[in-house]
file final17.txt (compact mmCIF, C-alpha atoms)
# COMPACT_ATOMS: atom_id res chain seq x y z
CA MET A 83 4.72 44.08 -121.19
CA PHE A 84 5.93 46.54 -118.61
CA SER A 85 4.78 44.42 -115.67
CA ARG A 86 6.60 41.33 -116.99
CA LEU A 87 9.83 43.28 -117.43
CA SER A 88 9.64 44.77 -113.96
CA ILE A 89 9.32 41.54 -111.97
CA ARG A 90 12.56 39.61 -111.63
CA PRO A 91 13.84 37.26 -108.92
CA HIS A 92 16.47 39.45 -107.28
CA ARG A 93 15.21 39.44 -103.73
CA ALA A 94 18.08 37.35 -102.36
CA GLY A 95 20.79 39.19 -104.27
CA LEU A 96 21.49 41.33 -107.28
CA GLY A 97 23.32 38.57 -109.15
CA ARG A 98 26.67 38.06 -110.86
CA ASP A 99 25.88 40.22 -113.85
CA PHE A 100 25.09 43.14 -111.60
CA GLY A 101 28.47 42.48 -109.96
CA ARG A 102 30.14 42.75 -113.36
CA PHE A 103 28.20 45.90 -114.13
CA TRP A 104 29.21 47.21 -110.71
CA LEU A 105 32.89 46.48 -111.43
CA ALA A 106 32.67 48.29 -114.76
CA GLN A 107 31.11 51.30 -113.14
CA GLY A 108 33.72 51.29 -110.37
CA ALA A 109 36.63 51.16 -112.82
CA SER A 110 35.12 53.95 -114.90
CA SER A 111 34.55 56.03 -111.76
CA VAL A 112 38.16 55.64 -110.61
CA GLY A 113 39.35 56.78 -114.02
CA ALA A 114 36.96 59.72 -114.03
CA GLN A 115 38.26 60.89 -110.65
CA ILE A 116 41.83 60.76 -111.94
CA SER A 117 41.05 62.74 -115.09
CA GLU A 118 38.93 65.29 -113.25
CA LEU A 119 42.08 66.52 -111.50
CA ALA A 120 44.67 65.51 -114.11
CA VAL A 121 43.15 67.34 -117.09
CA PRO A 122 42.88 70.81 -115.48
CA MET A 123 46.27 70.35 -113.79
CA LEU A 124 47.77 69.43 -117.18
CA ALA A 125 46.27 72.63 -118.60
CA VAL A 126 47.37 74.86 -115.69
CA LEU A 127 50.86 73.44 -115.10
CA ALA A 128 51.99 72.30 -118.56
CA LEU A 129 50.02 74.62 -120.83
CA HIS A 130 49.83 77.61 -118.42
CA ALA A 131 46.06 78.02 -118.85
CA SER A 132 44.36 81.11 -117.42
CA ALA A 133 41.06 81.08 -115.51
CA GLY A 134 39.17 81.80 -118.73
CA GLU A 135 40.98 79.01 -120.59
CA ALA A 136 40.31 76.61 -117.72
CA GLY A 137 36.63 77.52 -118.02
CA LEU A 138 36.76 76.82 -121.76
CA LEU A 139 38.32 73.42 -121.10
CA GLY A 140 35.63 72.63 -118.56
CA ALA A 141 32.94 73.68 -121.02
CA ALA A 142 34.41 71.41 -123.73
CA ARG A 143 33.88 68.42 -121.46
CA TRP A 144 30.18 69.16 -121.09
CA VAL A 145 29.11 70.78 -124.39
CA PRO A 146 28.54 67.33 -125.96
CA PHE A 147 25.67 66.82 -123.51
CA LEU A 148 23.97 69.85 -125.05
CA LEU A 149 24.64 68.75 -128.64
CA LEU A 150 24.36 64.96 -128.53
CA ALA A 151 22.30 63.79 -125.56
CA LEU A 152 18.91 63.86 -127.29
CA PRO A 153 19.85 62.03 -130.51
CA LEU A 154 21.89 59.51 -128.53
CA GLY A 155 18.85 58.88 -126.34
CA VAL A 156 16.94 57.80 -129.43
CA LEU A 157 19.87 55.56 -130.42
CA VAL A 158 19.96 53.96 -126.95
CA ASP A 159 16.25 53.10 -127.14
CA ARG A 160 16.75 51.58 -130.60
CA SER A 161 19.91 49.57 -129.82
CA ARG A 162 21.38 47.01 -127.44
CA ARG A 163 22.57 49.14 -124.54
CA ARG A 164 25.50 46.94 -123.48
CA ARG A 165 27.06 47.30 -126.93
CA ILE A 166 26.94 51.09 -126.65
CA LEU A 167 28.57 50.96 -123.21
CA ILE A 168 31.47 48.79 -124.41
CA THR A 169 32.06 50.89 -127.53
CA SER A 170 32.08 54.08 -125.47
CA ASP A 171 34.63 52.70 -123.01
CA LEU A 172 37.03 51.54 -125.73
CA ALA A 173 36.72 54.82 -127.62
CA ARG A 174 37.42 56.86 -124.48
CA ALA A 175 40.48 54.73 -123.76
CA ALA A 176 41.83 55.42 -127.25
CA VAL A 177 41.23 59.20 -127.11
CA THR A 178 42.83 59.42 -123.65
CA ALA A 179 45.86 57.54 -125.00
CA VAL A 180 46.17 60.15 -127.76
CA ILE A 181 46.22 62.98 -125.18
CA VAL A 182 48.93 61.16 -123.24
CA ALA A 183 51.05 60.57 -126.36
CA LEU A 184 50.82 64.22 -127.45
CA ALA A 185 51.66 65.47 -123.95
CA LEU A 186 54.68 63.18 -123.61
CA ALA A 187 55.91 64.31 -127.04
CA ALA A 188 55.56 67.94 -125.89
CA VAL A 189 53.36 68.81 -128.88
CA LEU A 190 50.05 69.14 -127.02
CA THR A 191 48.46 72.59 -127.25
CA LEU A 192 45.45 74.00 -125.44
CA PRO A 193 43.22 74.09 -128.57
CA VAL A 194 44.05 70.45 -129.31
CA LEU A 195 43.37 69.48 -125.69
CA VAL A 196 40.00 71.27 -125.82
CA VAL A 197 39.02 69.35 -128.96
CA LEU A 198 40.10 65.98 -127.56
CA VAL A 199 38.30 66.64 -124.28
CA GLY A 200 35.20 67.40 -126.36
CA VAL A 201 35.53 64.05 -128.16
CA LEU A 202 35.87 62.31 -124.79
CA GLY A 203 32.73 64.11 -123.71
CA ALA A 204 30.83 62.81 -126.73
CA PHE A 205 31.50 59.19 -125.82
CA THR A 206 30.79 59.98 -122.17
CA VAL A 207 27.31 61.16 -123.20
CA ALA A 208 26.66 57.82 -124.89
CA PHE A 209 27.91 55.91 -121.85
CA GLU A 210 25.91 57.96 -119.34
CA VAL A 211 22.63 57.66 -121.24
CA ALA A 212 23.04 53.91 -121.85
CA TYR A 213 24.35 53.22 -118.33
CA GLN A 214 21.25 54.24 -116.40
CA SER A 215 19.00 52.76 -119.09
CA PHE A 216 20.78 49.36 -118.89
CA LEU A 217 20.66 49.12 -115.08
CA PRO A 218 17.05 47.83 -114.85
CA THR A 219 18.05 44.97 -117.17
CA VAL A 220 20.81 43.65 -114.88
CA ALA A 221 19.23 44.57 -111.52
CA GLY A 222 15.46 44.44 -112.03
CA ARG A 223 13.09 47.31 -111.34
CA ASP A 224 12.13 45.93 -107.94
CA GLN A 225 15.76 46.30 -106.81
CA LEU A 226 16.57 49.71 -108.29
CA GLU A 227 16.87 51.60 -105.01
CA ARG A 228 19.25 48.97 -103.65
CA ALA A 229 21.27 48.85 -106.89
CA ASN A 230 21.47 52.64 -107.19
CA GLY A 231 22.57 52.84 -103.56
CA ARG A 232 25.46 50.46 -104.22
CA LEU A 233 26.49 52.20 -107.41
CA GLN A 234 26.38 55.63 -105.81
CA ALA A 235 28.32 54.35 -102.80
CA THR A 236 30.96 53.07 -105.21
CA VAL A 237 31.16 56.44 -106.93
CA ALA A 238 31.53 58.05 -103.52
CA ALA A 239 34.20 55.53 -102.50
CA THR A 240 36.20 56.26 -105.63
CA GLU A 241 35.92 59.94 -104.77
CA ILE A 242 37.83 59.15 -101.58
CA GLY A 243 40.71 57.29 -103.17
CA GLY A 244 40.52 58.70 -106.70
CA PRO A 245 41.56 62.32 -106.10
CA GLY A 246 44.27 61.28 -103.65
CA LEU A 247 45.52 58.72 -106.15
CA ALA A 248 45.32 61.37 -108.88
CA GLY A 249 47.38 63.80 -106.82
CA LEU A 250 50.02 61.17 -106.14
CA LEU A 251 50.09 60.05 -109.78
CA ILE A 252 50.45 63.63 -111.00
CA GLN A 253 53.34 64.26 -108.63
CA ALA A 254 55.02 60.92 -109.39
CA LEU A 255 54.28 60.48 -113.11
CA SER A 256 53.08 63.95 -114.25
CA ALA A 257 49.52 64.76 -115.30
CA ALA A 258 50.04 62.87 -118.57
CA GLY A 259 51.11 59.75 -116.68
CA ALA A 260 48.00 59.97 -114.51
CA LEU A 261 45.86 60.09 -117.64
CA ALA A 262 47.53 56.91 -118.89
CA VAL A 263 46.17 55.15 -115.81
CA HIS A 264 42.77 56.59 -116.67
CA ALA A 265 42.91 54.97 -120.12
CA VAL A 266 43.59 51.58 -118.53
CA ALA A 267 40.54 52.01 -116.28
CA TYR A 268 38.31 52.35 -119.35
CA VAL A 269 39.69 49.08 -120.73
CA VAL A 270 38.92 47.31 -117.42
CA SER A 271 35.37 48.66 -117.55
CA ALA A 272 34.85 47.39 -121.11
CA ALA A 273 36.20 43.95 -120.18
CA ALA A 274 33.76 43.65 -117.27
CA LEU A 275 30.81 44.65 -119.47
CA LEU A 276 31.80 42.03 -122.04
CA ARG A 277 31.26 39.31 -119.39
CA ILE A 278 27.63 40.23 -118.69
CA ARG A 279 25.33 37.39 -119.79
CA THR A 280 21.86 38.68 -118.90
CA PRO A 281 19.85 38.62 -122.16
CA GLU A 282 18.91 42.05 -123.37
CA ALA A 283 15.66 42.32 -125.31
CA ILE A 284 15.91 43.43 -128.91
CA PRO A 285 14.29 46.89 -129.01
CA ALA A 286 11.06 46.89 -130.95
CA SER A 287 10.93 49.29 -133.86
CA SER A 288 8.52 52.16 -133.32
CA GLY A 289 8.01 52.53 -137.06
CA ARG A 290 8.53 56.26 -136.72
CA SER A 291 11.30 58.67 -137.59
CA ALA A 292 14.09 59.41 -135.14
CA MET A 293 12.72 62.93 -134.73
CA ALA A 294 9.29 61.59 -133.79
CA ASP A 295 10.85 59.30 -131.19
CA LEU A 296 12.89 62.19 -129.84
CA ARG A 297 9.77 64.35 -129.49
CA GLU A 298 8.02 61.51 -127.63
CA GLY A 299 10.77 61.45 -125.00
CA LEU A 300 10.72 65.21 -124.56
CA ALA A 301 6.93 65.24 -124.28
CA PHE A 302 6.96 62.49 -121.66
CA VAL A 303 9.28 64.53 -119.43
CA ARG A 304 7.42 67.78 -120.04
CA ARG A 305 4.06 66.28 -119.01
CA ASP A 306 5.35 64.75 -115.78
CA GLY A 307 5.60 67.22 -112.89
CA TYR A 308 7.94 65.00 -110.88
CA LEU A 309 10.41 64.62 -113.74
CA VAL A 310 10.32 68.37 -114.39
CA ALA A 311 11.03 69.01 -110.70
CA LEU A 312 13.96 66.55 -110.71
CA LEU A 313 15.29 68.18 -113.87
CA GLY A 314 15.19 71.65 -112.32
CA PHE A 315 16.91 70.39 -109.16
CA SER A 316 19.89 69.00 -111.02
CA ALA A 317 20.06 71.77 -113.62
CA ILE A 318 20.22 74.66 -111.15
CA TYR A 319 22.65 72.91 -108.83
CA ASN A 320 24.95 71.61 -111.59
CA LEU A 321 25.19 74.97 -113.34
CA PHE A 322 26.35 76.90 -110.29
CA ALA A 323 28.34 74.08 -108.69
CA GLN A 324 30.44 73.81 -111.87
CA TRP A 325 30.74 77.62 -111.93
CA ILE A 326 32.24 77.38 -108.44
CA MET A 327 34.47 74.37 -109.03
CA VAL A 328 36.09 75.53 -112.26
CA LEU A 329 37.26 78.62 -110.36
CA PHE A 330 38.13 76.75 -107.18
CA THR A 331 40.89 74.68 -108.83
CA VAL A 332 42.60 77.81 -110.16
CA HIS A 333 41.95 79.75 -106.93
CA ALA A 334 43.30 76.95 -104.73
CA VAL A 335 46.58 76.73 -106.66
CA ARG A 336 47.23 80.41 -107.31
CA GLU A 337 45.64 82.22 -104.37
CA LEU A 338 45.60 79.67 -101.53
CA GLY A 339 48.96 78.11 -102.37
CA LEU A 340 47.72 74.49 -102.43
CA GLU A 341 49.45 71.82 -104.49
CA ALA A 342 48.06 68.86 -106.43
CA GLY A 343 48.66 66.60 -103.43
CA HIS A 344 46.68 68.95 -101.18
CA LEU A 345 43.75 69.02 -103.59
CA GLY A 346 43.81 65.25 -103.89
CA LEU A 347 43.72 64.96 -100.11
CA VAL A 348 40.85 67.45 -99.83
CA PHE A 349 38.69 65.75 -102.44
CA GLY A 350 39.60 62.29 -101.21
CA LEU A 351 38.88 62.81 -97.51
CA GLY A 352 35.91 65.02 -98.31
CA ALA A 353 34.36 62.18 -100.30
CA ILE A 354 33.93 60.19 -97.09
CA GLY A 355 30.75 62.21 -96.69
CA ALA A 356 29.57 60.98 -100.06
CA VAL A 357 30.11 57.35 -99.03
CA ILE A 358 28.12 57.91 -95.85
CA GLY A 359 25.35 59.68 -97.76
CA ALA A 360 25.00 56.88 -100.32
CA ALA A 361 25.08 54.17 -97.63
CA CYS A 362 22.37 55.95 -95.64
CA ALA A 363 20.14 56.69 -98.62
CA PRO A 364 17.76 53.69 -98.50
CA ALA A 365 17.28 53.92 -94.72
CA SER A 366 16.92 57.72 -94.81
CA VAL A 367 14.26 57.61 -97.52
CA ALA A 368 12.41 54.83 -95.67
CA ARG A 369 12.41 56.74 -92.38
CA PHE A 370 11.88 60.36 -93.44
CA GLY A 371 10.44 60.04 -96.93
CA ALA A 372 12.03 60.89 -100.27
CA GLY A 373 10.69 64.45 -100.33
CA PRO A 374 12.04 65.67 -96.98
CA VAL A 375 15.37 63.99 -97.77
CA LEU A 376 15.65 65.80 -101.11
CA VAL A 377 14.84 69.17 -99.51
CA ALA A 378 17.38 68.65 -96.70
CA CYS A 379 20.06 67.54 -99.15
CA ALA A 380 19.48 70.53 -101.43
CA ALA A 381 19.94 72.86 -98.46
CA ALA A 382 23.08 71.15 -97.13
CA GLU A 383 24.94 70.65 -100.40
CA SER A 384 24.26 74.21 -101.57
CA ALA A 385 24.78 76.21 -98.37
CA VAL A 386 28.12 74.65 -97.41
CA LEU A 387 29.77 75.78 -100.67
CA ALA A 388 29.34 79.39 -99.51
CA ALA A 389 32.45 79.01 -97.33
CA LEU A 390 34.81 78.55 -100.30
CA PRO A 391 35.22 82.19 -101.45
CA PHE A 392 36.02 83.43 -97.96
CA LEU A 393 38.83 81.08 -96.89
CA PRO A 394 42.06 83.07 -96.37
CA GLY A 395 45.30 81.82 -97.84
CA ALA A 396 47.11 83.05 -94.71
CA TRP A 397 45.75 80.08 -92.76
CA GLY A 398 48.38 77.81 -94.25
CA GLY A 399 48.09 74.36 -95.77
CA THR A 400 47.01 72.28 -92.76
CA ALA A 401 44.17 74.53 -91.58
CA LEU A 402 42.92 75.11 -95.12
CA VAL A 403 42.91 71.42 -95.93
CA ALA A 404 41.01 70.62 -92.71
CA VAL A 405 38.26 73.18 -93.40
CA LEU A 406 38.00 72.17 -97.05
CA VAL A 407 37.64 68.52 -96.09
CA VAL A 408 34.63 69.41 -93.92
CA VAL A 409 33.10 71.53 -96.69
CA PHE A 410 33.40 68.80 -99.31
CA ALA A 411 32.33 66.07 -96.87
CA VAL A 412 29.02 67.83 -96.14
CA ASN A 413 28.54 68.68 -99.81
CA GLY A 414 29.33 65.11 -100.84
CA ALA A 415 26.89 63.61 -98.34
CA GLY A 416 24.09 65.79 -99.66
CA THR A 417 24.77 65.23 -103.35
CA SER A 418 25.27 61.47 -102.95
CA LEU A 419 22.11 60.89 -100.92
CA SER A 420 19.98 63.08 -103.19
CA SER A 421 21.39 61.37 -106.30
CA VAL A 422 20.30 57.92 -105.12
CA ALA A 423 16.79 59.18 -104.39
CA ALA A 424 16.50 61.21 -107.61
CA VAL A 425 17.77 58.52 -109.99
CA THR A 426 15.54 55.87 -108.40
CA LEU A 427 12.51 58.16 -108.74
CA ARG A 428 13.32 58.77 -112.40
CA GLN A 429 13.76 55.09 -113.22
CA LEU A 430 10.57 54.11 -111.40
CA ARG A 431 8.68 56.90 -113.11
CA THR A 432 9.72 55.89 -116.65
CA PRO A 433 8.70 52.79 -118.68
CA ASP A 434 11.59 50.75 -120.10
CA HIS A 435 10.95 51.62 -123.76
CA LEU A 436 11.43 55.33 -122.92
CA LEU A 437 14.34 55.10 -120.48
CA GLY A 438 17.02 56.03 -123.00
CA ARG A 439 15.20 59.12 -124.20
CA VAL A 440 14.14 60.23 -120.72
CA ASN A 441 17.66 59.76 -119.35
CA ALA A 442 19.00 61.63 -122.38
CA THR A 443 16.56 64.50 -121.85
CA MET A 444 17.59 64.78 -118.22
CA ARG A 445 21.28 64.62 -119.13
CA TRP A 446 20.82 67.07 -121.99
CA ILE A 447 19.73 69.80 -119.61
CA SER A 448 21.23 68.84 -116.24
CA TYR A 449 24.68 68.10 -117.68
CA GLY A 450 24.44 70.54 -120.57
CA VAL A 451 24.18 73.45 -118.16
CA VAL A 452 27.51 72.34 -116.67
CA ALA A 453 29.16 73.59 -119.86
CA ILE A 454 27.38 76.92 -119.42
CA GLY A 455 28.41 77.08 -115.77
CA ALA A 456 32.04 76.30 -116.58
CA ALA A 457 32.23 78.91 -119.32
CA ALA A 458 30.36 81.58 -117.34
CA GLY A 459 32.32 80.94 -114.17
CA GLY A 460 35.61 81.11 -116.02
CA ALA A 461 34.62 84.34 -117.78
CA VAL A 462 33.41 86.02 -114.58
CA GLY A 463 36.53 84.87 -112.71
CA GLU A 464 38.71 86.32 -115.46
CA ILE A 465 37.01 89.72 -115.07
CA ILE A 466 36.56 90.11 -111.30
CA GLY A 467 38.90 87.44 -109.90
CA THR A 468 38.39 83.90 -108.71
CA ARG A 469 37.29 84.78 -105.16
CA TRP A 470 34.40 87.06 -106.11
CA GLY A 471 33.57 84.90 -109.10
CA MET A 472 33.02 81.98 -106.71
CA ALA A 473 30.93 84.19 -104.43
CA ILE A 474 28.49 84.91 -107.26
CA GLY A 475 28.28 81.18 -108.00
CA CYS A 476 27.56 80.45 -104.33
CA ALA A 477 24.66 82.89 -104.37
CA GLY A 478 23.27 81.22 -107.47
CA VAL A 479 23.47 77.68 -106.14
CA LEU A 480 21.17 78.60 -103.23
CA LEU A 481 18.34 78.88 -105.78
CA THR A 482 18.33 75.06 -105.72
CA VAL A 483 16.81 75.10 -102.24
CA ILE A 484 13.98 77.39 -103.32
CA TRP A 485 13.19 75.23 -106.37
CA VAL A 486 13.05 71.92 -104.49
CA GLY A 487 11.10 73.40 -101.57
CA ALA A 488 8.43 74.73 -103.93
CA SER A 489 8.20 71.59 -106.12
CA PRO A 490 6.00 68.47 -105.77
CA LEU A 491 9.12 66.54 -104.75
CA ARG A 492 8.75 67.69 -101.15
CA ARG A 493 5.51 65.69 -100.77
CA ILE A 494 6.89 62.27 -101.84
CA ARG A 495 7.10 59.66 -99.11
CA ASP A 496 7.59 56.20 -100.70
CA PRO A 497 9.32 56.38 -104.13
CA ARG A 498 7.63 53.15 -105.23
CA SER A 499 4.25 54.84 -105.06
CA LEU A 500 5.19 56.64 -108.28
CA ALA A 501 5.74 53.40 -110.21
CA ARG A 502 2.00 52.70 -110.39
CA ASP A 503 1.55 55.77 -112.53
CA VAL A 504 4.26 54.53 -114.89
CA THR A 505 2.35 51.30 -115.50
CA GLU A 506 -0.78 53.29 -116.31
CA ALA A 507 1.18 55.51 -118.68
CA LYS A 508 2.52 52.45 -120.48
CA ALA A 509 -0.92 50.89 -120.79
CA SER A 510 -2.45 54.04 -122.25
CA ALA A 511 0.39 54.74 -124.69
call {"tool": "encode", "arguments": {"input": "final17.txt", "output": "structure tokens"}}
result
Amino acid sequence: MFSRLSIRPHRAGLGRDFGRFWLAQGASSVGAQISELAVPMLAVLALHASAGEAGLLGAARWVPFLLLALPLGVLVDRSRRRRILITSDLARAAVTAVIVALALAAVLTLPVLVVLVGVLGAFTVAFEVAYQSFLPTVAGRDQLERANGRLQATVAATEIGGPGLAGLLIQALSAAGALAVHAVAYVVSAAALLRIRTPEAIPASSGRSAMADLREGLAFVRRDGYLVALLGFSAIYNLFAQWIMVLFTVHAVRELGLEAGHLGLVFGLGAIGAVIGAACAPASVARFGAGPVLVACAAAESAVLAALPFLPGAWGGTALVAVLVVVFAVNGAGTSLSSVAAVTLRQLRTPDHLLGRVNATMRWISYGVVAIGAAAGGAVGEIIGTRWGMAIGCAGVLLTVIWVGASPLRRIRDPRSLARDVTEAKASA
């Protein structure tokens, strides 16, 4: 069964349905970039949130990954994945519209915003788990590296225009107005997904309880050394990167004197590195091997963040923006390139009937720790200040390099060599 599912005629192109999937992902990514700046700016500027409250808001966005990822992984493996994607997009559009309405009516409070951001996070969990599980259906397993490269390049491209657009929208329309544009992006994504025509197989019933299926997914990840290594890579990096970033937004506004437009420019121009990293991913992996690429990316994306706590506000806007653009360009190149390699390895390593649960397990930990990082970073920043709080986060993120360098990931050359083991695992199941 696995071999029949994995061989599809996509050599000449990825097809129209992948194009529709690509459009949906692009629209969702643009919206996500807008909200990533608009939500904390709404909290800081309109609701006067402190560093600790900003950390709480950041945690609310990611706590659903800790609470819901595993059960939703079981649901994704038992359901049509496209249906889950469309439902998630429409639900997120509706919740975002509620935030906008409350903000415009001047009745939005920080506790209400935290709750609504948590609800948004719940539907984001469902979308994220189903999204990477649905990709092999529309692209084919033999084209995953190519498809992931295009999708990651699109995410990186939206990171160029998205933050800049967000900054302009916030200044022109307010943070609430920017979020209204975000809601429209979710609707565009849902419309594109509705046009996909590739038949999706009806999931076969396992005949077991949801808890038994959940345990099967967890056990599959636990027994596979490569998946464990990928999980540790993303978990360590995400925890401390979020620790740093939740403090950086507050620090940049209050200590460095940057405005929303400056931050949009920094994130936008810095994301050029992410586009370059995603575009170079297939060629880099082919030339140097997946393992050396992952080690180099871990070192680059982690080490460059160490500059953030030590930038002086006395430099002024232009100099600060220039240095920050370089920092985020290098960081973006590393994270983008490593993401393409890591996601492709995971998808090749996992049989289709387990993709939802494996993706959910990875998201449960690698995204769940983001909530911990946001809350811890905000709390530490509240106690010792944003600058030294970021410095502690920068020290922690360097542990990523040690983990990847000591893991079996460093020995991987051709990612497709791992797919043979997946077929054997399927046959022996």
call {"tool": "residues_around", "arguments": {"input": "final17.txt", "residues": "segment 402-407 of chain A", "least_positions_apart": "6", "cutoff": "12 Å", "atoms": "only C-alpha atoms", "output": "CSV table (one decimal) with C-alpha atoms, in the frame of the given file"}}
result
chain,number,residue,atom,x,y,z
A,242,ILE,CA,37.8,59.2,-101.6
A,330,PHE,CA,38.1,76.8,-107.2
A,334,ALA,CA,43.3,77.0,-104.7
A,337,GLU,CA,45.6,82.2,-104.4
A,338,LEU,CA,45.6,79.7,-101.5
A,339,GLY,CA,49.0,78.1,-102.4
A,340,LEU,CA,47.7,74.5,-102.4
A,341,GLU,CA,49.4,71.8,-104.5
A,342,ALA,CA,48.1,68.9,-106.4
A,343,GLY,CA,48.7,66.6,-103.4
A,344,HIS,CA,46.7,69.0,-101.2
A,345,LEU,CA,43.8,69.0,-103.6
A,346,GLY,CA,43.8,65.2,-103.9
A,347,LEU,CA,43.7,65.0,-100.1
A,348,VAL,CA,40.8,67.4,-99.8
A,349,PHE,CA,38.7,65.8,-102.4
A,350,GLY,CA,39.6,62.3,-101.2
A,351,LEU,CA,38.9,62.8,-97.5
A,352,GLY,CA,35.9,65.0,-98.3
A,353,ALA,CA,34.4,62.2,-100.3
A,354,ILE,CA,33.9,60.2,-97.1
A,355,GLY,CA,30.8,62.2,-96.7
A,356,ALA,CA,29.6,61.0,-100.1
A,386,VAL,CA,28.1,74.6,-97.4
A,387,LEU,CA,29.8,75.8,-100.7
A,388,ALA,CA,29.3,79.4,-99.5
A,389,ALA,CA,32.4,79.0,-97.3
A,390,LEU,CA,34.8,78.6,-100.3
A,391,PRO,CA,35.2,82.2,-101.4
A,392,PHE,CA,36.0,83.4,-98.0
A,393,LEU,CA,38.8,81.1,-96.9
A,394,PRO,CA,42.1,83.1,-96.4
A,395,GLY,CA,45.3,81.8,-97.8
A,396,ALA,CA,47.1,83.0,-94.7
A,413,ASN,CA,28.5,68.7,-99.8
A,414,GLY,CA,29.3,65.1,-100.8
call {"tool": "residues_around", "arguments": {"input": "final17.txt", "residues": "Ile454 of chain A", "least_positions_apart": "6", "cutoff": "9 Å", "atoms": "only C-alpha atoms", "output": "PyMOL selection string"}}
result
chain A and resi 141+144-145+321+324-325
call {"tool": "write_last_selection", "arguments": {"input": "final17.txt", "atoms": "C-alpha atoms", "output": "PDB file, in the frame of the given file"}}
result
ATOM      1  CA  ALA A 141      32.940  73.680-121.020  1.00  0.00           C
ATOM      2  CA  TRP A 144      30.180  69.160-121.090  1.00  0.00           C
ATOM      3  CA  VAL A 145      29.110  70.780-124.390  1.00  0.00           C
ATOM      4  CA  LEU A 321      25.190  74.970-113.340  1.00  0.00           C
ATOM      5  CA  GLN A 324      30.440  73.810-111.870  1.00  0.00           C
ATOM      6  CA  TRP A 325      30.740  77.620-111.930  1.00  0.00           C
TER       7      TRP A 325
END
call {"tool": "closest_atom_pairs", "arguments": {"input": "final17.txt", "of": "segment 212-309 of chain A", "to": "segment 109-119 of chain A", "cutoff": "10 Å", "atoms": "all atoms listed in the file", "output": "tab-separated table"}}
result
residue	atom	partner	partner_atom	distance
A:Leu233	CA	A:Ser111	CA	9.9
A:Thr236	CA	A:Ser111	CA	8.0
A:Val237	CA	A:Ser111	CA	5.9
A:Ala238	CA	A:Ser111	CA	9.0
A:Ala239	CA	A:Val112	CA	9.0
A:Thr240	CA	A:Val112	CA	5.4
A:Glu241	CA	A:Gln115	CA	6.4
A:Ile242	CA	A:Gln115	CA	9.2
A:Gly243	CA	A:Val112	CA	8.0
A:Gly244	CA	A:Gln115	CA	5.1
A:Pro245	CA	A:Gln115	CA	5.8
A:Gly246	CA	A:Ile116	CA	8.7
A:Leu247	CA	A:Ile116	CA	7.2
A:Ala248	CA	A:Ile116	CA	4.7
A:Gly249	CA	A:Leu119	CA	7.6
A:Leu251	CA	A:Ile116	CA	8.6
A:Ile252	CA	A:Leu119	CA	8.9
A:Ala257	CA	A:Leu119	CA	8.5
A:Ala258	CA	A:Ser117	CA	9.6
A:Ala260	CA	A:Ile116	CA	6.7
A:Leu261	CA	A:Ser117	CA	6.1
A:Ala262	CA	A:Ser117	CA	9.5
A:Val263	CA	A:Gly113	CA	7.2
A:His264	CA	A:Gly113	CA	4.3
A:Ala265	CA	A:Gly113	CA	7.3
A:Val266	CA	A:Gly113	CA	8.1
A:Ala267	CA	A:Ala109	CA	5.3
A:Tyr268	CA	A:Ser110	CA	5.7
A:Val269	CA	A:Ala109	CA	8.7
A:Val270	CA	A:Ala109	CA	6.4
A:Ser271	CA	A:Ala109	CA	5.5
A:Ala272	CA	A:Ser110	CA	9.0
A:Ala274	CA	A:Ala109	CA	9.2
call {"tool": "closest_atom_pairs", "arguments": {"input": "final17.txt", "of": "segment 427-483 of chain A", "to": "segment 488-493 of chain A", "cutoff": "12 Å", "atoms": "all atoms listed in the file", "output": "tab-separated table"}}
result
residue	atom	partner	partner_atom	distance
A:Leu427	CA	A:Leu491	CA	9.9
A:Arg428	CA	A:Leu491	CA	11.7
A:Leu481	CA	A:Ala488	CA	10.9
A:Thr482	CA	A:Ala488	CA	10.1
A:Val483	CA	A:Ala488	CA	8.6
call {"tool": "closest_residue", "arguments": {"input": "final17.txt", "among": "A:Asp496, A:Asp295, A:Asp434, A:Glu383", "to": "Pro153 of chain A", "atoms": "all atoms listed in the file"}}
result
A:Asp295
call {"tool": "residues_near_point", "arguments": {"input": "final17.txt", "point": "(32.6, 78.7, -106.2)", "cutoff": "12 Å", "atoms": "all atoms listed in the file", "output": "JSON, numbers by chain"}}
result
{"A": [319, 320, 321, 322, 323, 324, 325, 326, 327, 328, 329, 330, 331, 332, 333, 334, 384, 385, 386, 387, 388, 389, 390, 391, 392, 393, 409, 455, 456, 458, 459, 460, 462, 463, 467, 468, 469, 470, 471, 472, 473, 474, 475, 476, 477, 478, 479, 480]}
call {"tool": "atom_distance", "arguments": {"input": "final17.txt", "atom1": "atom CA of Ala368 of chain A", "atom2": "atom CA of Val408 of chain A"}}
result
26.6 Å
call {"tool": "atom_distance", "arguments": {"input": "final17.txt", "atom1": "atom CA of Phe216 of chain A", "atom2": "atom CA of Arg163 of chain A"}}
result
5.9 Å
